[in-house]
Each structure stands twice: as structure tokens, then as C-alpha cells.
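Colleague: My structure is in coords-v3.txt, and what it holds is compact mmCIF, C-alpha atoms:
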```txt
# COMPACT_ATOMS: atom_id res chain seq x y z
CA MET A 45 0.00 0.00 0.00
CA PRO A 46 1.50 3.40 -0.98
CA LYS A 47 2.78 5.56 1.85
CA ILE A 48 0.84 8.72 2.64
CA SER A 49 3.86 10.84 1.66
CA GLU A 50 4.02 9.15 -1.76
CA MET A 51 0.30 9.69 -2.28
CA ARG A 52 0.65 13.37 -1.41
CA LYS A 53 3.56 13.75 -3.81
CA GLN A 54 1.49 12.24 -6.60
CA GLU A 55 -1.46 14.49 -5.73
CA THR A 56 0.81 17.55 -5.86
CA LEU A 57 2.30 16.43 -9.17
CA ASP A 58 -1.14 15.88 -10.68
CA LYS A 59 -2.31 19.29 -9.46
CA ILE A 60 0.73 21.04 -10.90
CA MET A 61 0.25 19.41 -14.31
CA LYS A 62 -3.50 20.04 -14.39
CA THR A 63 -3.16 23.68 -13.36
CA ALA A 64 -0.27 24.28 -15.74
CA SER A 65 -2.25 22.73 -18.60
CA GLU A 66 -5.09 25.17 -18.00
CA LEU A 67 -2.73 28.17 -17.83
CA PHE A 68 -0.75 27.13 -20.91
CA SER A 69 -3.94 26.64 -22.91
CA LYS A 70 -5.31 30.05 -21.92
CA ARG A 71 -2.14 32.14 -22.06
CA GLY A 72 0.27 30.15 -24.21
CA TYR A 73 3.72 28.93 -23.27
CA HIS A 74 5.62 32.22 -23.31
CA ASN A 75 3.03 34.20 -21.34
CA THR A 76 2.85 31.65 -18.53
CA GLN A 77 5.56 31.87 -15.89
CA VAL A 78 6.56 29.42 -13.17
CA MET A 79 5.33 31.82 -10.49
CA ASP A 80 1.91 31.94 -12.17
CA ILE A 81 1.70 28.18 -11.82
CA VAL A 82 3.06 28.18 -8.27
CA ARG A 83 0.49 30.77 -7.12
CA ALA A 84 -2.39 28.99 -8.85
CA VAL A 85 -1.47 25.63 -7.29
CA GLY A 86 -0.75 27.12 -3.87
CA ILE A 87 2.76 25.77 -3.44
CA SER A 88 6.23 27.26 -3.03
CA ALA A 89 8.69 27.69 -5.87
CA GLY A 90 10.98 25.24 -4.10
CA THR A 91 8.26 22.58 -4.20
CA PHE A 92 7.80 23.16 -7.93
CA TYR A 93 11.50 22.59 -8.61
CA ASN A 94 11.38 19.34 -6.65
CA TYR A 95 9.25 18.01 -9.52
CA PHE A 96 10.51 19.85 -12.61
CA LYS A 97 13.77 21.40 -13.77
CA ASP A 98 12.02 24.40 -15.29
CA LYS A 99 8.95 25.53 -17.22
CA ARG A 100 10.07 23.82 -20.40
CA ASP A 101 10.47 20.51 -18.58
CA LEU A 102 6.93 20.79 -17.25
CA PHE A 103 5.48 21.79 -20.62
CA GLU A 104 7.18 18.93 -22.42
CA ARG A 105 5.96 16.42 -19.84
CA ILE A 106 2.37 17.62 -20.16
CA ALA A 107 2.47 17.67 -23.96
CA GLN A 108 4.01 14.22 -24.28
CA ASP A 109 1.74 12.54 -21.73
CA ASN A 110 -1.47 13.98 -23.08
CA PHE A 111 -0.59 13.64 -26.74
CA GLU A 112 0.07 9.95 -26.21
CA ASN A 113 -3.34 9.64 -24.56
CA MET A 114 -4.90 11.32 -27.57
CA ARG A 115 -2.99 9.05 -29.94
CA ILE A 116 -4.33 6.00 -28.11
CA HIS A 117 -7.85 7.30 -28.71
CA VAL A 118 -7.18 8.05 -32.37
CA ARG A 119 -5.72 4.59 -32.87
CA LYS A 120 -9.27 3.29 -32.71
CA PHE A 121 -9.23 4.11 -36.43
CA ARG A 122 -7.04 1.06 -36.75
CA ARG A 123 -9.27 -1.46 -35.03
CA PRO A 124 -9.74 -4.55 -37.21
CA PHE A 125 -12.82 -4.18 -39.41
CA ASN A 126 -14.09 -5.56 -42.70
CA ILE A 127 -12.84 -3.08 -45.30
CA TRP A 128 -15.04 -4.83 -47.89
CA ASP A 129 -18.20 -3.72 -46.02
CA ARG A 130 -19.04 -0.01 -46.43
CA ASN A 131 -21.57 -0.16 -43.61
CA GLU A 132 -18.92 -1.43 -41.23
CA GLU A 133 -16.50 1.22 -42.50
CA ILE A 134 -19.04 3.92 -41.66
CA ARG A 135 -19.64 2.41 -38.23
CA MET A 136 -15.91 2.27 -37.53
CA LEU A 137 -15.43 5.90 -38.57
CA ARG A 138 -18.38 7.08 -36.48
CA GLU A 139 -17.20 5.25 -33.38
CA SER A 140 -13.62 6.44 -33.88
CA TYR A 141 -14.55 10.11 -34.30
CA THR A 142 -17.01 9.89 -31.43
CA THR A 143 -14.23 8.57 -29.21
CA LEU A 144 -11.91 11.36 -30.40
CA PHE A 145 -14.47 14.08 -29.68
CA ASP A 146 -15.18 12.54 -26.28
CA PHE A 147 -11.51 13.16 -25.54
CA VAL A 148 -11.69 16.69 -26.94
CA ASP A 149 -14.75 17.54 -24.83
CA GLN A 150 -13.11 16.13 -21.71
CA TYR A 151 -9.72 17.80 -22.23
CA PRO A 152 -10.23 20.95 -24.35
CA GLU A 153 -7.42 22.77 -22.54
CA ILE A 154 -4.96 20.03 -23.51
CA MET A 155 -5.93 20.27 -27.17
CA LEU A 156 -5.61 24.05 -27.13
CA MET A 157 -2.25 23.78 -25.42
CA LEU A 158 -0.98 21.50 -28.18
CA PHE A 159 -2.39 23.71 -30.93
CA ARG A 160 -1.31 27.07 -29.51
CA GLY A 161 1.73 26.35 -27.43
CA GLY A 162 3.42 23.50 -29.19
CA TYR A 163 5.55 25.66 -31.45
CA GLY A 164 7.99 28.44 -30.69
CA VAL A 165 9.40 26.96 -27.47
CA ASP A 166 12.71 25.93 -29.00
CA GLU A 167 13.89 23.98 -32.02
CA ALA A 168 14.07 20.63 -30.23
CA PHE A 169 10.60 20.95 -28.76
CA ASP A 170 9.14 22.17 -32.05
CA LEU A 171 10.53 19.04 -33.70
CA ASN A 172 9.07 16.79 -30.99
CA THR A 173 5.66 18.42 -31.39
CA TRP A 174 5.73 17.95 -35.16
CA ASN A 175 6.86 14.34 -34.78
CA SER A 176 3.90 13.71 -32.48
CA PHE A 177 1.38 14.98 -35.03
CA SER A 178 3.24 13.17 -37.80
CA SER A 179 2.96 9.90 -35.87
CA LEU A 180 -0.83 10.06 -36.19
CA ALA A 181 -0.49 10.38 -39.96
CA HIS A 182 1.96 7.47 -39.96
CA ASP A 183 -0.58 5.27 -38.14
CA LEU A 184 -3.19 5.98 -40.82
CA ALA A 185 -0.64 5.57 -43.61
CA GLU A 186 -0.07 1.96 -42.54
CA ASP A 187 -3.76 1.22 -43.14
CA VAL A 188 -3.70 2.99 -46.51
CA GLN A 189 -0.71 0.86 -47.52
CA ALA A 190 -2.63 -2.27 -46.59
CA TRP A 191 -5.53 -1.15 -48.82
CA LEU A 192 -3.08 -0.46 -51.65
CA ASP A 193 -1.55 -3.92 -51.24
CA ALA A 194 -5.03 -5.46 -51.36
CA GLY A 195 -5.77 -3.70 -54.65
CA ILE A 196 -8.74 -1.78 -53.25
CA ILE A 197 -7.25 1.65 -53.99
CA ALA A 198 -4.43 2.93 -56.20
CA GLY A 199 -2.54 6.11 -57.06
CA VAL A 200 -2.24 7.57 -53.57
CA ASN A 201 0.78 8.31 -51.39
CA PRO A 202 -0.04 6.73 -47.98
CA MET A 203 1.74 9.42 -45.93
CA LEU A 204 0.08 12.20 -47.93
CA PHE A 205 -3.32 10.64 -47.28
CA GLY A 206 -2.53 10.24 -43.58
CA HIS A 207 -1.42 13.86 -43.20
CA ALA A 208 -4.50 15.09 -45.08
CA VAL A 209 -6.86 13.25 -42.74
CA VAL A 210 -5.01 14.31 -39.58
CA GLY A 211 -4.72 17.92 -40.74
CA LEU A 212 -8.41 18.08 -41.55
CA ALA A 213 -9.36 16.60 -38.17
CA MET A 214 -7.04 18.89 -36.19
CA GLU A 215 -8.29 22.02 -37.96
CA MET A 216 -11.90 21.04 -37.38
CA ILE A 217 -11.25 20.28 -33.71
CA HIS A 218 -9.56 23.65 -33.19
CA SER A 219 -12.49 25.48 -34.79
CA TYR A 220 -14.95 23.39 -32.77
CA ILE A 221 -13.29 24.40 -29.49
CA VAL A 222 -12.56 28.06 -30.26
CA GLU A 223 -15.33 29.27 -32.57
CA GLN A 224 -18.13 26.84 -31.69
CA ARG A 225 -19.91 27.42 -35.00
CA PHE A 226 -20.94 23.79 -35.37
CA THR A 227 -21.84 20.91 -33.08
CA ARG A 228 -19.77 17.79 -32.52
CA ALA A 229 -22.48 15.79 -34.34
CA GLU A 230 -22.09 18.02 -37.40
CA ALA A 231 -18.30 17.72 -37.20
CA ILE A 232 -18.42 13.93 -36.95
CA ASP A 233 -20.84 13.60 -39.89
CA ALA A 234 -18.72 15.94 -42.00
CA MET A 235 -15.51 14.06 -41.21
CA ILE A 236 -17.12 10.73 -42.12
CA ARG A 237 -18.35 12.08 -45.47
CA MET A 238 -15.01 13.69 -46.27
CA ASN A 239 -13.03 10.58 -45.35
CA LEU A 240 -15.26 8.38 -47.51
CA ALA A 241 -15.01 10.83 -50.40
CA MET A 242 -11.20 10.90 -50.12
CA PHE A 243 -11.11 7.11 -50.03
CA ASP A 244 -13.51 6.64 -52.95
CA VAL A 245 -11.49 8.91 -55.26
CA TYR A 246 -8.70 6.31 -55.24
CA LEU A 247 -10.86 3.20 -55.63
CA THR A 248 -9.73 0.70 -58.28
CA GLY A 249 -12.15 -1.21 -60.49
CA LYS A 250 -11.96 -4.01 -57.96
CA GLY A 251 -12.71 -1.58 -55.13
CA LYS A 252 -15.66 -0.04 -56.98
CA ASN A 253 -17.20 -3.45 -57.65
CA ILE A 254 -16.94 -4.33 -53.97
CA LEU A 255 -18.48 -0.99 -52.99
CA GLN A 256 -21.41 -1.48 -55.37
CA LYS A 257 -22.07 -4.93 -53.94
CA SER A 258 -22.02 -3.47 -50.45
CA LYS A 259 -24.48 -0.74 -51.45
CA GLY A 260 -26.71 -3.33 -53.08
CA LYS A 261 -26.85 -5.39 -49.92
CA GLN A 262 -27.75 -2.29 -47.93
CA GLU A 263 -30.54 -1.30 -50.32
CA GLY A 264 -32.02 -4.75 -49.95
CA ALA A 265 -31.81 -4.64 -46.17
CA LYS A 266 -34.36 -3.15 -43.77
CA PRO A 267 -34.30 0.67 -43.45
CA ARG A 268 -31.88 1.95 -40.84
CA LYS A 269 -32.04 5.03 -38.65
CA GLU A 270 -28.59 6.13 -39.84
CA PRO A 271 -28.43 7.31 -43.50
CA TYR A 272 -25.98 5.86 -45.96
CA LEU A 273 -23.02 8.22 -46.17
CA GLY A 274 -21.24 6.87 -49.24
CA LEU A 275 -20.90 8.68 -52.52
CA PRO A 276 -23.77 8.22 -54.99
```
Mind converting the file's structure to C-alpha cells?
Modeller:
Amino acid sequence: MPKISEMRKQETLDKIMKTASELFSKRGYHNTQVMDIVRAVGISAGTFYNYFKDKRDLFERIAQDNFENMRIHVRKFRRPFNIWDRNEEIRMLRESYTTLFDFVDQYPEIMLMLFRGGYGVDEAFDLNTWNSFSSLAHDLAEDVQAWLDAGIIAGVNPMLFGHAVVGLAMEMIHSYIVEQRFTRAEAIDAMIRMNLAMFDVYLTGKGKNILQKSKGKQEGAKPRKEPYLGLP
């Protein structure tokens, strides 16, 4: 059983990281000072430096920990599913984006911190931030390569496709948090339609035949509450 002192240390660490995340997301990295964090948490500067070397060390720890959590959520795109079934593809996309937006709604300050504060700290940190976003595109690129190998699609650069999807999602999430001009339901539906449209542009003859068969099966099935989101 953990000692009380160890539990208190962990509680203090968690409070520092949570408070710092909120301040970084509101003010940005450069406009947030260690003393701002210390005062907000209610600890001494000495206590802060028992946990972190400096502000950069804290920021990097927060960014890395929370970005990895987000990546775990986004990896639900890669759950095994039947690529030959358009209905299942739509279901997978809906569940994946719903999971992603659940994370966004729960941790909006973390997302804003990554968007607003991830660049301009220093060259090494800028590179780490870019590599983190690039890793999401790499995850998707692996799936695109598998579809290329299966002959379902052709003529697309997997990494380009991955970056396009990630870039579109990140831009939409930022607008969703900051401007609030559309609902999460609208964002999820739009992302599904756009992803399917991007995918269908690269379909081979083999892929188109499979898609038509899938649509035919759906048309012969009982009406569903959720509309078909494929291209006509």
C-alpha cells in the first residue's frame, strides 16, 4: 500500500500538471511563468522545482503525456474491421470520431495547449511536437498501404493521405473548441463524409465493384435510422 507521503507527492504532481495545462492553454507557453503556476497551485517555488527542472520541462511532460493519450484514442481508427463492407467502415469511422471528440470535450485545454503552445518553445521541442502529429499520420498511412496492397485503392501516397486526414481533423477540432460554429455531431458527420469521399477517389475497379455490392446489400436490407453516407 502506498505511503501517505508518496500519495501526497502524486497528488501535488497531478495538481501542478492540471493547473499548468489550464494556464498554458489560456495564455500560451511564453506568457505563462513558473510563479503563475506556483500561485495557482498554492505551493512554493521550491516545491515546484522538486518536480521539474524548469517551465520547459513541465510543458514537455504535459504535452508528451497527453498527446500519447490522444494518440491511443485516435488509434481506434485502426481497429480490425471488414474493409469490404461499407456499412462497417461507416460504423468504424463514427465510433472512432465519437471517441476522439469525447476526448476533446473532456480535455479541451490540452488540445488548445498543443495547438497554440506546441511551437515556438525551442527547435528541439518544435521538432518533438511535429513528430507527435506526424505519428498520427503514420498510423493511418499503414492502413492505406494495406488497402493499396489489397488492390482496393491505387494512385495515392499513404503518408500524404494520412497527413491530409489528420490535418483536416485537427483544424476542425480547433475550430470546434474556439469558434463553436458547429456541433460535434455536425463535425463527426462531415468528417465521415469527407473521409469516404477521399477514399472513394482512389478506388480501383476491384474496389468499386466491392463498394457497389455493399451498397446493393444495404438497399435490400431493412431501413436503418442512420443514412448511408457513401458517394452516390
Colleague: Please compute the atom CA of A:Asn172-atom CA of A:Phe103 distance, one decimal, in Å.
Modeller: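 Result for atom CA of A:Asn172 versus atom CA of A:Phe103: 12.1 Å, one decimal.
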Colleague: May I ask for the distance between atom CA of A:Val210 and atom CA of A:Thr63, given in Å to one decimal place?
Modeller: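 That distance, rounded to one decimal, is 27.9 Å.
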Colleague: Go ahead and compute the interatomic distance for atom CA of A:Thr248 and atom CA of A:Gly195, in Å to one decimal.
Modeller: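 Taking atom CA of A:Thr248 and atom CA of A:Gly195, their separation equals 6.9 Å.
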Colleague: Using only C-alpha atoms, which residues sit within 10 Å of A:Val148 once same-chain residues fewer than 5 positions away are excluded, as a PyMOL selection string?
Modeller: chain A and resi 114+142-143+153-156+217-218+220-221+228
Colleague: In terms of the shortest atom-to-atom distance over only C-alpha atoms, which of A:Met238, A:Ala181, A:Leu255, A:Met214 is closest to A:Ile196?
Modeller: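 Closest to A:Ile196, using only C-alpha atoms: A:Leu255.
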Colleague: Using only C-alpha atoms, which protein or nucleic acid residues come within 12 Å of A:Glu112? Drop anything in the same chain fewer than 6 positions from it, and give the result as JSON, numbers by chain.
Modeller: {"A": [105, 106, 118, 119, 154, 155, 158, 173, 175, 176, 177, 179, 180]}
